[in-house]
$ cat model-v6.txt   # compact mmCIF, C-alpha atoms (C1' of nucleotides)
# COMPACT_ATOMS: atom_id res chain seq x y z
CA MET A 1 42.91 23.81 126.57
CA LYS A 2 45.91 25.04 128.44
CA LEU A 3 47.34 27.90 126.45
CA LEU A 4 48.91 30.57 128.56
CA ASP A 5 49.23 34.26 127.89
CA ILE A 6 52.28 36.22 128.74
CA SER A 7 51.03 37.79 131.93
CA GLU A 8 49.83 34.48 133.31
CA ILE A 9 53.25 32.99 132.70
CA SER A 10 54.91 35.99 134.23
CA LYS A 11 52.75 35.57 137.30
CA GLN A 12 53.64 31.90 137.62
CA THR A 13 57.35 32.13 136.89
CA GLY A 14 58.35 35.62 137.90
CA VAL A 15 59.88 36.20 134.48
CA ALA A 16 58.98 39.63 133.09
CA ALA A 17 56.90 39.82 129.94
CA SER A 18 59.54 42.00 128.34
CA ALA A 19 62.14 39.35 129.11
CA MET A 20 60.01 36.68 127.45
CA ARG A 21 59.67 38.79 124.32
CA HIS A 22 63.41 39.19 124.42
CA TYR A 23 63.90 35.42 124.72
CA GLU A 24 61.56 34.82 121.83
CA GLU A 25 63.42 37.35 119.72
CA LYS A 26 66.66 35.53 120.55
CA GLY A 27 65.11 32.20 119.69
CA LEU A 28 65.12 30.63 123.14
CA ILE A 29 61.40 30.17 123.23
CA VAL A 30 58.55 30.17 120.71
CA SER A 31 54.95 31.16 121.07
CA VAL A 32 52.47 28.65 119.70
CA GLY A 33 50.10 31.26 118.35
CA ARG A 34 48.26 34.48 118.96
CA ARG A 35 44.91 35.58 120.24
CA GLY A 36 44.50 38.75 118.29
CA MET A 37 47.94 40.22 118.65
CA LYS A 38 48.65 38.61 121.99
CA ARG A 39 51.10 35.76 122.27
CA LEU A 40 49.99 32.37 123.47
CA PHE A 41 52.34 29.75 124.83
CA GLY A 42 51.95 26.06 125.52
CA PRO A 43 52.37 24.81 129.08
CA GLU A 44 55.90 23.55 128.34
CA ILE A 45 56.99 27.18 128.44
CA LEU A 46 57.07 26.92 132.22
CA ASP A 47 59.77 24.26 132.15
CA GLN A 48 61.67 26.08 129.46
CA LEU A 49 61.71 29.29 131.45
CA ALA A 50 62.83 27.36 134.51
CA LEU A 51 65.67 25.98 132.45
CA ILE A 52 66.63 29.42 131.16
CA THR A 53 66.55 30.91 134.62
CA LEU A 54 68.65 28.07 135.89
CA GLY A 55 71.17 28.44 133.10
CA LYS A 56 71.50 32.12 133.87
CA THR A 57 72.01 31.38 137.54
CA ALA A 58 74.82 29.07 136.53
CA GLY A 59 76.41 31.86 134.52
CA PHE A 60 75.61 30.78 130.99
CA SER A 61 74.78 33.38 128.37
CA LEU A 62 71.48 33.23 126.54
CA GLU A 63 73.36 32.04 123.45
CA GLU A 64 74.85 29.17 125.39
CA ILE A 65 71.55 28.27 126.95
CA LYS A 66 69.99 28.25 123.54
CA SER A 67 72.72 25.92 122.32
CA MET A 68 72.21 23.59 125.27
CA PHE A 69 68.45 23.28 124.99
CA GLY A 70 66.85 25.24 122.21
CA PRO A 71 63.22 26.34 121.92
CA ASN A 72 62.20 22.71 121.50
CA GLY A 73 64.16 21.56 124.54
CA GLN A 74 66.67 19.69 122.42
CA PRO A 75 70.39 20.48 122.62
CA GLN A 76 71.93 22.10 119.55
CA ILE A 77 75.44 21.05 120.42
CA SER A 78 77.26 17.74 120.57
CA ARG A 79 77.23 15.42 123.56
CA HIS A 80 80.88 16.12 123.91
CA MET A 81 80.32 19.84 124.25
CA LEU A 82 77.52 19.29 126.70
CA SER A 83 79.90 17.30 128.88
CA ALA A 84 82.44 20.08 128.51
CA LYS A 85 79.87 22.55 129.79
CA ALA A 86 79.21 20.27 132.72
CA ASP A 87 82.95 20.14 133.37
CA ASP A 88 83.11 23.91 133.40
CA LEU A 89 80.23 23.98 135.79
CA ASP A 90 81.90 21.48 138.09
CA ALA A 91 85.11 23.47 138.11
CA GLN A 92 83.15 26.55 139.00
CA ILE A 93 81.26 24.70 141.69
CA ARG A 94 84.54 23.70 143.28
CA LYS A 95 85.72 27.29 143.36
CA MET A 96 82.44 28.50 144.74
CA THR A 97 82.50 25.90 147.46
CA SER A 98 85.92 27.10 148.56
CA LEU A 99 84.75 30.68 148.39
CA SER A 100 81.73 29.86 150.53
CA ARG A 101 83.98 28.34 153.17
CA LEU A 102 86.29 31.30 152.91
CA LEU A 103 83.38 33.66 153.48
CA ARG A 104 82.15 31.70 156.49
CA HIS A 105 85.63 31.62 157.89
CA THR A 106 86.00 35.35 157.33
CA ALA A 107 82.80 35.92 159.25
CA ASP A 108 84.23 34.07 162.25
CA CYS A 109 87.97 34.64 162.17
CA LYS A 110 89.39 37.09 164.67
CA ALA A 111 92.69 37.62 162.85
CA PRO A 112 93.59 41.30 162.44
CA SER A 113 94.15 40.89 158.72
CA HIS A 114 92.59 38.03 156.83
CA MET A 115 95.41 37.91 154.36
CA GLU A 116 97.66 36.90 157.24
CA CYS A 117 95.36 34.15 158.45
CA PRO A 118 96.66 30.78 157.27
CA THR A 119 93.18 29.32 157.07
CA PHE A 120 92.05 32.18 154.88
CA ARG A 121 95.05 31.77 152.63
CA ARG A 122 94.50 28.06 152.40
CA TYR A 123 90.91 28.51 151.23
CA LEU A 124 92.02 31.18 148.83
CA ALA A 125 94.63 28.87 147.37
CA ALA A 126 92.08 26.10 147.08
CA ALA A 127 89.54 28.38 145.48
CA SER A 128 91.78 30.03 142.94
CA GLY A 129 94.57 28.33 141.00
CA HIS A 130 95.19 24.63 140.73
CA ASN A 131 91.90 22.79 140.57
CA GLN A 132 92.42 19.31 141.81
CA ARG A 133 91.39 17.55 138.61
CA LYS A 134 93.21 16.77 135.40
CA ASN A 135 93.41 19.60 132.85
CA ALA A 136 93.27 23.24 133.87
CA PRO A 137 90.15 25.23 132.97
CA THR A 138 92.02 27.11 130.21
CA SER A 139 90.08 30.35 130.43
CA LYS A 140 90.57 31.23 126.81
CA ARG A 141 88.16 33.97 126.03
CA PRO A 142 89.65 37.44 126.67
CA ASN A 143 86.76 39.33 128.17
CA THR A 144 83.75 37.94 129.90
CA PRO A 145 80.69 39.71 131.22
CA PRO A 146 79.64 39.39 134.84
CA GLN A 147 76.80 38.04 136.84
CA THR A 148 75.44 39.25 140.10
CA LEU A 149 74.08 37.11 142.84
CA LYS A 150 70.53 37.97 143.73
CA ASN A 151 68.98 37.48 147.13
CA SER A 152 70.19 37.96 150.72
CA ARG A 153 68.39 40.99 152.07
CA ASN A 154 71.40 43.26 151.79
CA ALA A 155 72.23 46.55 153.44
CA PRO A 156 74.47 49.33 152.02
CA ALA A 157 77.68 47.71 153.19
CA GLY A 158 78.85 49.70 156.14
CA SER A 159 76.62 49.07 159.11
CA SER A 160 75.89 47.28 162.32
CA ASN A 161 79.19 45.70 163.29
CA SER A 162 81.42 48.00 165.29
CA MET B 1 112.01 45.20 147.57
CA LYS B 2 109.16 43.51 145.80
CA LEU B 3 107.08 46.22 144.24
CA LEU B 4 105.30 45.15 141.10
CA ASP B 5 104.32 47.21 138.11
CA ILE B 6 101.06 46.77 136.34
CA SER B 7 102.33 44.73 133.41
CA GLU B 8 104.22 42.33 135.66
CA ILE B 9 101.04 41.74 137.64
CA SER B 10 99.07 41.33 134.47
CA LYS B 11 101.54 38.73 133.29
CA GLN B 12 101.33 36.81 136.55
CA THR B 13 97.59 36.97 137.07
CA GLY B 14 96.13 37.33 133.60
CA VAL B 15 94.19 40.39 134.71
CA ALA B 16 94.36 43.18 132.12
CA ALA B 17 96.05 46.43 133.07
CA SER B 18 92.93 48.34 132.09
CA ALA B 19 90.92 46.11 134.43
CA MET B 20 93.28 46.87 137.29
CA ARG B 21 92.95 50.60 136.71
CA HIS B 22 89.23 50.06 136.72
CA TYR B 23 89.42 48.18 140.01
CA GLU B 24 91.52 50.92 141.54
CA GLU B 25 89.05 53.54 140.38
CA LYS B 26 86.28 51.54 141.99
CA GLY B 27 88.27 51.19 145.19
CA LEU B 28 88.86 47.46 145.13
CA ILE B 29 92.61 47.79 145.11
CA VAL B 30 95.13 50.51 145.87
CA SER B 31 98.55 51.17 144.42
CA VAL B 32 101.25 51.78 147.01
CA GLY B 33 103.03 54.42 144.98
CA ARG B 34 104.35 55.48 141.62
CA ARG B 35 107.58 55.29 139.74
CA GLY B 36 107.27 58.41 137.63
CA MET B 37 103.68 58.14 136.53
CA LYS B 38 103.58 54.35 136.65
CA ARG B 39 101.68 52.57 139.36
CA LEU B 40 103.44 50.30 141.79
CA PHE B 41 101.70 47.62 143.82
CA GLY B 42 102.79 45.57 146.79
CA PRO B 43 102.92 41.79 146.44
CA GLU B 44 99.60 41.37 148.27
CA ILE B 45 97.95 42.59 145.09
CA LEU B 46 98.28 39.08 143.71
CA ASP B 47 96.07 37.62 146.42
CA GLN B 48 93.64 40.48 146.14
CA LEU B 49 93.27 40.00 142.41
CA ALA B 50 92.81 36.27 142.95
CA LEU B 51 90.03 37.11 145.39
CA ILE B 52 88.40 39.52 142.96
CA THR B 53 88.58 37.03 140.12
CA LEU B 54 87.12 34.39 142.36
CA GLY B 55 84.31 36.64 143.47
CA LYS B 56 83.45 37.40 139.89
CA THR B 57 83.46 33.72 139.04
CA ALA B 58 80.98 33.22 141.83
CA GLY B 59 78.76 35.89 140.36
CA PHE B 60 79.35 38.76 142.76
CA SER B 61 79.47 42.31 141.45
CA LEU B 62 82.55 44.44 142.02
CA GLU B 63 80.59 46.40 144.60
CA GLU B 64 79.79 43.25 146.53
CA ILE B 65 83.33 42.02 146.30
CA LYS B 66 84.52 45.33 147.63
CA SER B 67 82.12 45.04 150.53
CA MET B 68 83.30 41.52 151.30
CA PHE B 69 87.00 42.28 151.29
CA GLY B 70 87.98 45.83 150.52
CA PRO B 71 91.34 47.12 149.30
CA ASN B 72 92.88 46.17 152.65
CA GLY B 73 91.46 42.66 152.54
CA GLN B 74 89.07 43.38 155.41
CA PRO B 75 85.33 42.91 155.02
CA GLN B 76 83.24 46.09 155.03
CA ILE B 77 80.07 44.29 155.99
CA SER B 78 78.85 42.51 159.08
CA ARG B 79 79.58 38.89 159.89
CA HIS B 80 75.91 38.26 159.49
CA MET B 81 75.89 39.57 155.97
CA LEU B 82 78.97 37.61 155.10
CA SER B 83 77.20 34.45 156.21
CA ALA B 84 74.20 35.48 154.16
CA LYS B 85 76.43 35.78 151.10
CA ALA B 86 77.77 32.31 151.83
CA ASP B 87 74.20 31.06 152.09
CA ASP B 88 73.41 32.54 148.70
CA LEU B 89 76.46 30.89 147.31
CA ASP B 90 75.49 27.53 148.75
CA ALA B 91 72.01 27.79 147.31
CA GLN B 92 73.49 28.58 143.95
CA ILE B 93 75.94 25.72 144.25
CA ARG B 94 73.07 23.33 144.84
CA LYS B 95 71.32 24.52 141.70
CA MET B 96 74.47 24.31 139.67
CA THR B 97 75.13 20.80 140.85
CA SER B 98 71.71 19.73 139.66
CA LEU B 99 72.25 21.54 136.40
CA SER B 100 75.57 19.80 135.91
CA ARG B 101 73.88 16.43 136.38
CA LEU B 102 71.12 17.48 134.06
CA LEU B 103 73.66 18.40 131.39
CA ARG B 104 75.50 15.12 131.75
CA HIS B 105 72.26 13.24 131.57
CA THR B 106 71.23 15.20 128.50
CA ALA B 107 74.50 14.23 126.84
CA ASP B 108 73.72 10.55 127.37
CA CYS B 109 69.96 10.22 127.28
CA LYS B 110 68.43 8.75 124.14
CA ALA B 111 64.93 10.03 124.77
CA PRO B 112 63.40 11.76 121.73
CA SER B 113 62.51 14.83 123.74
CA HIS B 114 64.28 15.62 126.98
CA MET B 115 61.27 17.31 128.42
CA GLU B 116 59.53 13.94 128.31
CA CYS B 117 62.36 12.12 130.03
CA PRO B 118 61.51 11.59 133.70
CA THR B 119 65.13 11.76 134.75
CA PHE B 120 65.55 15.09 133.00
CA ARG B 121 62.43 16.41 134.66
CA ARG B 122 63.55 15.20 138.03
CA TYR B 123 66.86 17.05 137.74
CA LEU B 124 65.07 20.11 136.49
CA ALA B 125 62.74 20.05 139.46
CA ALA B 126 65.66 19.61 141.81
CA ALA B 127 67.60 22.41 140.20
CA SER B 128 64.85 24.98 140.03
CA GLY B 129 62.17 25.52 142.66
CA HIS B 130 62.16 24.04 146.13
CA ASN B 131 65.71 23.90 147.41
CA GLN B 132 66.00 21.13 149.91
CA ARG B 133 67.09 23.33 152.80
CA LYS B 134 65.20 25.57 155.15
CA ASN B 135 64.34 29.05 153.85
CA ALA B 136 63.94 29.76 150.15
CA PRO B 137 66.49 31.99 148.42
CA THR B 138 63.98 34.86 148.16
CA SER B 139 65.30 36.41 144.96
CA LYS B 140 64.26 39.92 145.84
CA ARG B 141 66.07 42.22 143.50
CA PRO B 142 64.07 42.90 140.30
CA ASN B 143 66.73 42.86 137.63
CA THR B 144 70.10 41.21 137.75
CA PRO B 145 72.94 41.28 135.24
CA PRO B 146 74.37 38.08 133.85
CA GLN B 147 77.60 36.23 133.90
CA THR B 148 79.10 34.03 131.30
CA LEU B 149 81.06 30.91 131.90
CA LYS B 150 84.51 31.07 130.39
CA ASN B 151 86.51 28.10 129.21
CA SER B 152 85.62 24.88 127.37
CA ARG B 153 87.09 25.30 123.92
CA ASN B 154 83.73 26.02 122.37
CA ALA B 155 82.59 25.78 118.79
CA PRO B 156 79.77 27.86 117.23
CA ALA B 157 77.09 25.52 118.52
CA GLY B 158 76.08 23.42 115.57
CA SER B 159 78.87 21.08 114.58
CA SER B 160 80.55 17.73 114.73
CA ASN B 161 77.81 15.35 115.80
CA SER B 162 75.81 14.03 112.89
C1' DC C 1 120.47 64.08 124.49
C1' DT C 2 117.00 61.82 122.06
C1' DA C 3 113.99 57.92 121.16
C1' DC C 4 111.04 54.90 122.61
C1' DA C 5 108.36 51.47 124.98
C1' DA C 6 105.44 51.41 128.46
C1' DG C 7 102.95 53.52 131.10
C1' DT C 8 99.32 57.53 132.13
C1' DT C 9 94.41 60.23 131.97
C1' DC C 10 89.94 60.93 130.29
C1' DA C 11 86.17 60.36 127.33
C1' DA C 12 83.83 57.46 124.62
C1' DG C 13 82.64 52.92 122.94
C1' DT C 14 81.12 47.95 123.51
C1' DC C 15 78.41 44.03 124.94
C1' DA C 16 74.72 41.34 127.00
C1' DA C 17 70.41 41.31 128.77
C1' DC C 18 66.96 43.61 129.51
C1' DT C 19 63.69 47.78 130.48
C1' DT C 20 61.28 51.82 129.14
C1' DG C 21 58.61 54.83 126.25
C1' DA C 22 55.83 56.19 122.46
C1' DG C 23 52.37 55.10 119.70
C1' DG C 24 49.34 51.30 117.80
C1' DT C 25 45.91 47.15 118.04
C1' DC C 26 42.24 44.53 119.53
C1' DA C 27 38.86 41.29 122.41
C1' DA C 28 35.71 42.08 125.74
C1' DG C 29 32.55 44.53 128.71
C1' DC C 30 29.16 48.10 129.20
C1' DG D 1 29.75 50.85 119.03
C1' DC D 2 32.76 52.80 122.00
C1' DT D 3 35.97 52.62 125.75
C1' DT D 4 39.37 50.21 128.19
C1' DG D 5 43.13 47.51 129.50
C1' DA D 6 46.21 44.28 128.19
C1' DC D 7 49.16 43.37 124.90
C1' DC D 8 51.83 44.67 120.68
C1' DT D 9 56.21 46.72 117.89
C1' DC D 10 60.24 49.26 117.49
C1' DA D 11 63.72 52.32 118.94
C1' DA D 12 66.22 53.99 122.44
C1' DG D 13 67.95 53.88 127.12
C1' DT D 14 70.24 51.45 131.22
C1' DT D 15 73.71 48.94 133.93
C1' DG D 16 78.12 46.79 134.99
C1' DA D 17 82.49 45.84 133.71
C1' DC D 18 85.52 46.73 131.05
C1' DT D 19 88.13 48.12 126.46
C1' DT D 20 89.70 51.37 123.16
C1' DG D 21 91.56 55.62 121.34
C1' DA D 22 93.74 59.95 121.46
C1' DA D 23 96.92 62.73 123.41
C1' DC D 24 100.44 63.06 126.95
C1' DT D 25 104.62 61.76 130.27
C1' DT D 26 108.89 59.40 131.69
C1' DG D 27 112.60 56.16 133.10
C1' DT D 28 115.88 53.81 130.62
C1' DA D 29 118.76 52.40 126.56
C1' DG D 30 121.68 53.90 123.02
$ encode --input "model-v6.txt" --output "structure tokens"
Amino acid sequence: MKLLDISEISKQTGVAASAMRHYEEKGLIVSVGRRGMKRLFGPEILDQLALITLGKTAGFSLEEIKSMFGPNGQPQISRHMLSAKADDLDAQIRKMTSLSRLLRHTADCKAPSHMECPTFRRYLAAASGHNQRKNAPTSKRPNTPPQTLKNSRNAPAGSSNS
Amino acid sequence: MKLLDISEISKQTGVAASAMRHYEEKGLIVSVGRRGMKRLFGPEILDQLALITLGKTAGFSLEEIKSMFGPNGQPQISRHMLSAKADDLDAQIRKMTSLSRLLRHTADCKAPSHMECPTFRRYLAAASGHNQRKNAPTSKRPNTPPQTLKNSRNAPAGSSNS
DNA sequence: CTACAAGTTCAAGTCAACTTGAGGTCAAGC
DNA sequence: GCTTGACCTCAAGTTGACTTGAACTTGTAG
């Protein structure tokens, strides 16, 4: 049989055991049983954790992720709301694409001040305001927690270029 | 002259006054002076706030945003690191694109369990692991705060579809 | 001149998503 | 049958990005 214990899963997925307990507590995953006191999970946990990790990367909260594909993998919200989430995602993707270009341009541009560079300002305009599709994103909720991008071997932010 | 006070800026950008004070404290923006005790900002603040908001949307921390374009709009990090940030962004964009497709598919698919749907699994595979470009994202940093997507008039996650 | 709305500072609180620590449990190996 | 190491629970702590509250200051309107 292919039941996995928490440390095995952690090894395979990189998700901390404490995080998995947290997810279980929040109802995002369920353990299929125990060996003694130790949790056992079915192999589907690997996909579920991948999905959770992915959702977090995309900026969804655990609550939202749970609503999109609960512990059983089935969505808890309507098709319509799922599409709405996808719409949000697409809007964000558009902004991020512009930001990526803006960053690459910034890395190359020789202008004394980026704010004065027309290319920079064009990307900024594209990335912020007016998304080129029908209804505006309508950021309703007042406050919204942040996410931090992971990777890119980073240095303390004041080095190596004169 | 076109000096703006904090509430005017808040009105125009939607950024809370308290958030702007926070940004100033953290060194992301600077006020150009005071009228009495009240902060005054130059018009460039609007672009800077747009940039900050954008950076947050993309999942960068305030520290990172500051390093990418400080209070003067100039990057505090090397061109190389800027490109690396853009690379991160692109990797994330790829994942989010797959996730968006996965969500749209989930909204339409009639399969009893999504995990058993080959299309679902294909998107999941595309979205997680193996990104189709050269070097892997190398998520180094151990723990990473979250971000939450804003908009999409959302309901409490258990409604309207029978 | 006085009131007042709108700003200010500073400390403390909040929230999500975990992590950490203390103290407990148990299957397995010697 | 006892030790050990991996896991457990539960409470408390951490981090980032703000928000909130209390007490204070001021330019402007009346």
$ interface_residues --input "model-v6.txt" --of "chain D" --to "chain B" --cutoff "10 Å" --atoms "only C-alpha atoms (C1' of nucleotides)" --output "PyMOL selection string"
chain D and resi 15-20+25-27
$ closest_residue --input "model-v6.txt" --among "A:Arg94, A:Lys2, A:Arg34, A:Lys11" --to "chain C" --atoms "all atoms listed in the file"
A:Arg34
$ axis_aligned_box --input "model-v6.txt" --around "segment 6-20 of chain C" --padding-each-side "3 Å" --output "lines of an AutoDock Vina configuration file"
center_x = 83.4
center_y = 51.1
center_z = 127.5
size_x = 50.2
size_y = 25.6
size_z = 15.2
$ interface_residues --input "model-v6.txt" --of "chain C" --to "chain A" --cutoff "8 Å" --atoms "only C-alpha atoms (C1' of nucleotides)" --output "PyMOL selection string"
chain C and resi 15-16+18-19+25-27
$ atom_distance --input "model-v6.txt" --atom1 "atom C1' of DG13 of chain C" --atom2 "atom CA of Arg39 of chain B"
25.1 Å
$ atom_distance --input "model-v6.txt" --atom1 "atom CA of Thr57 of chain A" --atom2 "atom CA of Ser10 of chain B"
29.0 Å
$ residues_around --input "model-v6.txt" --residues "Met96 of chain A" --least-positions-apart "2" --cutoff "12 Å" --atoms "all atoms listed in the file" --output "VMD selection string"
(chain A and resid 58 89 to 94 98 to 103 123 to 124 126 to 128 131) or (chain B and resid 51 53 to 60 85 to 94 96 to 97)
$ residues_near_point --input "model-v6.txt" --point "(51.5, 51.1, 118.7)" --cutoff "12 Å" --atoms "all atoms listed in the file" --output "count of residues only"
11
$ closest_residue --input "model-v6.txt" --among "A:Arg122, A:Lys66, A:Arg79, A:Lys110" --to "chain B" --atoms "all atoms listed in the file"
A:Arg79
$ decode --input "model-v6.txt" --residues "chain D" --atoms "C-alpha atoms (C1' of nucleotides)" --output "short mmCIF file (atom, residue, chain, number, x, y, z; two decimals), in the first residue's frame"
data_model
loop_
_atom_site.label_atom_id
_atom_site.label_comp_id
_atom_site.auth_asym_id
_atom_site.auth_seq_id
_atom_site.Cartn_x
_atom_site.Cartn_y
_atom_site.Cartn_z
"C1'" DG D 1 11.38 -3.71 28.60
"C1'" DC D 2 13.61 0.32 27.91
"C1'" DT D 3 15.39 3.91 25.04
"C1'" DT D 4 15.01 6.62 21.05
"C1'" DG D 5 13.44 9.33 17.40
"C1'" DA D 6 9.76 10.71 14.92
"C1'" DC D 7 5.62 12.44 15.44
"C1'" DC D 8 1.88 14.51 18.31
"C1'" DT D 9 -0.98 18.70 20.65
"C1'" DC D 10 -1.56 23.22 22.11
"C1'" DA D 11 -0.19 27.78 23.08
"C1'" DA D 12 2.51 31.35 21.96
"C1'" DG D 13 5.62 33.80 18.92
"C1'" DT D 14 6.95 35.81 14.21
"C1'" DT D 15 6.71 38.60 9.99
"C1'" DG D 16 4.98 42.05 6.79
"C1'" DA D 17 1.93 45.44 5.87
"C1'" DC D 18 -0.89 48.00 7.47
"C1'" DT D 19 -4.87 49.99 10.63
"C1'" DT D 20 -6.55 51.95 14.78
"C1'" DG D 21 -6.69 54.83 18.85
"C1'" DA D 22 -5.34 58.40 21.83
"C1'" DA D 23 -3.61 62.68 22.35
"C1'" DC D 24 -1.86 66.71 19.94
"C1'" DT D 25 -1.30 70.69 16.20
"C1'" DT D 26 -2.80 74.01 12.66
"C1'" DG D 27 -4.51 76.51 8.53
"C1'" DT D 28 -8.79 78.16 7.36
"C1'" DA D 29 -13.76 79.49 7.92
"C1'" DG D 30 -16.96 82.00 10.53
#
